[in-house]
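What follows is the content of work.cif, which has mmCIF, C-alpha atoms, pLDDT in the B column; chains and numbers go by the auth columns:
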data_model
#
loop_
_atom_site.group_PDB
_atom_site.id
_atom_site.type_symbol
_atom_site.label_atom_id
_atom_site.label_comp_id
_atom_site.label_asym_id
_atom_site.label_seq_id
_atom_site.Cartn_x
_atom_site.Cartn_y
_atom_site.Cartn_z
_atom_site.B_iso_or_equiv
_atom_site.auth_seq_id
_atom_site.auth_asym_id
ATOM 1 C CA MET A 1 147.530 -99.241 -131.308 66.00 150 A
ATOM 2 C CA ASN A 2 147.333 -100.795 -127.857 76.00 151 A
ATOM 3 C CA GLU A 3 148.380 -99.197 -124.576 88.00 152 A
ATOM 4 C CA GLU A 4 151.750 -101.000 -124.271 93.00 153 A
ATOM 5 C CA PRO A 5 153.774 -98.637 -126.520 94.00 154 A
ATOM 6 C CA LEU A 6 152.375 -95.632 -124.667 95.00 155 A
ATOM 7 C CA ARG A 7 153.327 -97.166 -121.326 96.00 156 A
ATOM 8 C CA ILE A 8 156.853 -97.921 -122.575 97.00 157 A
ATOM 9 C CA LEU A 9 157.272 -94.407 -123.981 97.00 158 A
ATOM 10 C CA LEU A 10 156.209 -92.866 -120.672 97.00 159 A
ATOM 11 C CA PHE A 11 158.657 -95.117 -118.824 97.00 160 A
ATOM 12 C CA LEU A 12 161.503 -94.156 -121.174 98.00 161 A
ATOM 13 C CA LEU A 13 160.645 -90.466 -120.900 97.00 162 A
ATOM 14 C CA SER A 14 160.957 -90.606 -117.128 97.00 163 A
ATOM 15 C CA ARG A 15 164.315 -92.388 -117.332 97.00 164 A
ATOM 16 C CA LEU A 16 165.808 -90.278 -120.135 97.00 165 A
ATOM 17 C CA GLU A 17 164.923 -87.185 -118.123 95.00 166 A
ATOM 18 C CA ARG A 18 167.367 -88.346 -115.437 95.00 167 A
ATOM 19 C CA ILE A 19 170.417 -88.520 -117.697 94.00 168 A
ATOM 20 C CA SER A 20 173.013 -86.082 -116.425 91.00 169 A
ATOM 21 C CA ALA A 21 173.689 -82.997 -118.516 91.00 170 A
ATOM 22 C CA ASP A 22 177.384 -83.958 -118.297 91.00 171 A
ATOM 23 C CA SER A 23 176.730 -87.225 -120.132 92.00 172 A
ATOM 24 C CA SER A 24 177.941 -87.556 -123.697 93.00 173 A
ATOM 25 C CA VAL A 25 174.462 -88.750 -124.697 95.00 174 A
ATOM 26 C CA ALA A 26 172.567 -85.900 -123.017 95.00 175 A
ATOM 27 C CA TYR A 27 172.101 -83.847 -126.184 95.00 176 A
ATOM 28 C CA ARG A 28 170.802 -86.786 -128.203 96.00 177 A
ATOM 29 C CA ALA A 29 168.610 -87.914 -125.297 96.00 178 A
ATOM 30 C CA SER A 30 167.044 -84.468 -125.252 96.00 179 A
ATOM 31 C CA GLY A 31 166.137 -84.743 -128.930 97.00 180 A
ATOM 32 C CA VAL A 32 164.724 -88.239 -128.560 97.00 181 A
ATOM 33 C CA ARG A 33 162.692 -87.101 -125.549 97.00 182 A
ATOM 34 C CA GLY A 34 161.217 -84.264 -127.608 97.00 183 A
ATOM 35 C CA SER A 35 160.184 -86.690 -130.332 97.00 184 A
ATOM 36 C CA MET A 36 158.729 -89.049 -127.749 98.00 185 A
ATOM 37 C CA LEU A 37 156.727 -86.252 -126.163 98.00 186 A
ATOM 38 C CA ARG A 38 155.184 -85.354 -129.520 97.00 187 A
ATOM 39 C CA VAL A 39 154.275 -88.997 -130.175 97.00 188 A
ATOM 40 C CA VAL A 40 152.800 -89.401 -126.671 97.00 189 A
ATOM 41 C CA GLU A 41 150.660 -86.298 -127.201 96.00 190 A
ATOM 42 C CA LYS A 42 149.348 -87.751 -130.462 96.00 191 A
ATOM 43 C CA LEU A 43 148.642 -91.147 -128.884 94.00 192 A
ATOM 44 C CA GLU A 44 146.828 -89.579 -125.943 93.00 193 A
ATOM 45 C CA ALA A 45 144.758 -87.455 -128.339 94.00 194 A
ATOM 46 C CA GLY A 46 143.839 -90.558 -130.335 92.00 195 A
ATOM 47 C CA ARG A 47 145.590 -89.360 -133.472 94.00 196 A
ATOM 48 C CA PRO A 48 147.359 -91.900 -135.685 94.00 197 A
ATOM 49 C CA VAL A 49 151.063 -92.531 -135.222 95.00 198 A
ATOM 50 C CA SER A 50 153.279 -94.721 -137.360 95.00 199 A
ATOM 51 C CA SER A 51 154.124 -97.928 -135.514 95.00 200 A
ATOM 52 C CA GLN A 52 157.572 -97.797 -137.158 97.00 201 A
ATOM 53 C CA ASP A 53 158.195 -94.377 -135.587 96.00 202 A
ATOM 54 C CA VAL A 54 157.141 -95.650 -132.181 97.00 203 A
ATOM 55 C CA LYS A 55 159.391 -98.713 -132.478 97.00 204 A
ATOM 56 C CA ARG A 56 162.317 -96.551 -133.598 98.00 205 A
ATOM 57 C CA LEU A 57 161.861 -94.183 -130.644 98.00 206 A
ATOM 58 C CA ILE A 58 161.607 -97.038 -128.160 98.00 207 A
ATOM 59 C CA LYS A 59 164.761 -98.628 -129.568 98.00 208 A
ATOM 60 C CA SER A 60 166.620 -95.299 -129.471 98.00 209 A
ATOM 61 C CA GLY A 61 165.494 -94.658 -125.916 98.00 210 A
ATOM 62 C CA TYR A 62 166.746 -97.982 -124.644 97.00 211 A
ATOM 63 C CA GLU A 63 170.051 -97.593 -126.515 97.00 212 A
ATOM 64 C CA LEU A 64 170.612 -94.169 -124.955 97.00 213 A
ATOM 65 C CA LEU A 65 169.879 -95.514 -121.486 96.00 214 A
ATOM 66 C CA VAL A 66 172.402 -98.304 -121.990 96.00 215 A
ATOM 67 C CA LYS A 67 175.056 -95.821 -123.152 95.00 216 A
ATOM 68 C CA ALA A 68 174.386 -93.483 -120.241 94.00 217 A
ATOM 69 C CA ALA A 69 174.530 -96.393 -117.786 93.00 218 A
ATOM 70 C CA SER A 70 177.845 -97.601 -119.214 92.00 219 A
ATOM 71 C CA GLU A 71 179.285 -94.115 -118.663 88.00 220 A
ATOM 72 C CA LYS A 72 178.225 -94.270 -115.021 80.00 221 A
ATOM 73 C CA ILE A 73 179.962 -97.609 -114.531 81.00 222 A
ATOM 74 C CA ARG A 74 183.344 -96.320 -115.730 69.00 223 A
#

If you took the structure in this file and wrote it as structure tokens, what would it be?
Amino acid sequence: MNEEPLRILLFLLSRLERISADSSVAYRASGVRGSMLRVVEKLEAGRPVSSQDVKRLIKSGYELLVKAASEKIR
């Protein structure tokens, strides 16, 4: 796997960390962050990770950021 998914996961981790605890997506964001952290640890250690899992986490991360941003706009 190339470096791009790792870079995206690290970016999403930093952004998901900033979601307010008052947000309706905070609990789910916490769970997704935990999964991302485990995947990042595996990638950095050179252990295999399913590309489907990485894609799913990236998609979930972006969706959560969009939901959290739409709450801020209201």

Selection result of the PyMOL selection byres ((chain A and resi 178) around 9) on this file, as a tab-separated table (two decimals) with C-alpha atoms, keeping the file's coordinate frame:
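Heads up, here's the output in result.tsv:
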chain	number	residue	atom	x	y	z
A	165	LEU	CA	165.81	-90.28	-120.14
A	166	GLU	CA	164.92	-87.18	-118.12
A	168	ILE	CA	170.42	-88.52	-117.70
A	174	VAL	CA	174.46	-88.75	-124.70
A	175	ALA	CA	172.57	-85.90	-123.02
A	176	TYR	CA	172.10	-83.85	-126.18
A	177	ARG	CA	170.80	-86.79	-128.20
A	179	SER	CA	167.04	-84.47	-125.25
A	180	GLY	CA	166.14	-84.74	-128.93
A	181	VAL	CA	164.72	-88.24	-128.56
A	182	ARG	CA	162.69	-87.10	-125.55
A	183	GLY	CA	161.22	-84.26	-127.61
A	209	SER	CA	166.62	-95.30	-129.47
A	210	GLY	CA	165.49	-94.66	-125.92
A	213	LEU	CA	170.61	-94.17	-124.96
A	214	LEU	CA	169.88	-95.51	-121.49

Next on the checklist: Starting from the PyMOL selection byres ((chain A and resi 151-159) around 12), expand the selection into actual residues of this file and give them as number ranges by chain.
Outcome noted: A: 150, 160-166, 181-195, 197-211

Keeping only C-alpha atoms, write the selected residues as an mmCIF file, in the frame of the given file.
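This went into result.cif:
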data_model
loop_
_atom_site.group_PDB
_atom_site.id
_atom_site.type_symbol
_atom_site.label_atom_id
_atom_site.label_comp_id
_atom_site.auth_asym_id
_atom_site.auth_seq_id
_atom_site.Cartn_x
_atom_site.Cartn_y
_atom_site.Cartn_z
ATOM 1 C CA MET A 150 147.530 -99.241 -131.308
ATOM 2 C CA PHE A 160 158.657 -95.117 -118.824
ATOM 3 C CA LEU A 161 161.503 -94.156 -121.174
ATOM 4 C CA LEU A 162 160.645 -90.466 -120.900
ATOM 5 C CA SER A 163 160.957 -90.606 -117.128
ATOM 6 C CA ARG A 164 164.315 -92.388 -117.332
ATOM 7 C CA LEU A 165 165.808 -90.278 -120.135
ATOM 8 C CA GLU A 166 164.923 -87.185 -118.123
ATOM 9 C CA VAL A 181 164.724 -88.239 -128.560
ATOM 10 C CA ARG A 182 162.692 -87.101 -125.549
ATOM 11 C CA GLY A 183 161.217 -84.264 -127.608
ATOM 12 C CA SER A 184 160.184 -86.690 -130.332
ATOM 13 C CA MET A 185 158.729 -89.049 -127.749
ATOM 14 C CA LEU A 186 156.727 -86.252 -126.163
ATOM 15 C CA ARG A 187 155.184 -85.354 -129.520
ATOM 16 C CA VAL A 188 154.275 -88.997 -130.175
ATOM 17 C CA VAL A 189 152.800 -89.401 -126.671
ATOM 18 C CA GLU A 190 150.660 -86.298 -127.201
ATOM 19 C CA LYS A 191 149.348 -87.751 -130.462
ATOM 20 C CA LEU A 192 148.642 -91.147 -128.884
ATOM 21 C CA GLU A 193 146.828 -89.579 -125.943
ATOM 22 C CA ALA A 194 144.758 -87.455 -128.339
ATOM 23 C CA GLY A 195 143.839 -90.558 -130.335
ATOM 24 C CA PRO A 197 147.359 -91.900 -135.685
ATOM 25 C CA VAL A 198 151.063 -92.531 -135.222
ATOM 26 C CA SER A 199 153.279 -94.721 -137.360
ATOM 27 C CA SER A 200 154.124 -97.928 -135.514
ATOM 28 C CA GLN A 201 157.572 -97.797 -137.158
ATOM 29 C CA ASP A 202 158.195 -94.377 -135.587
ATOM 30 C CA VAL A 203 157.141 -95.650 -132.181
ATOM 31 C CA LYS A 204 159.391 -98.713 -132.478
ATOM 32 C CA ARG A 205 162.317 -96.551 -133.598
ATOM 33 C CA LEU A 206 161.861 -94.183 -130.644
ATOM 34 C CA ILE A 207 161.607 -97.038 -128.160
ATOM 35 C CA LYS A 208 164.761 -98.628 -129.568
ATOM 36 C CA SER A 209 166.620 -95.299 -129.471
ATOM 37 C CA GLY A 210 165.494 -94.658 -125.916
ATOM 38 C CA TYR A 211 166.746 -97.982 -124.644
#

As AutoDock Vina command-line options, please: the centre and edge lengths in Å, to one decimal, of an axis-aligned box enclosing every listed atom of region 181-200 of chain A with 6 Å added on each side.
--center_x 154.3 --center_y -91.1 --center_z -131.5 --size_x 32.9 --size_y 25.7 --size_z 23.8
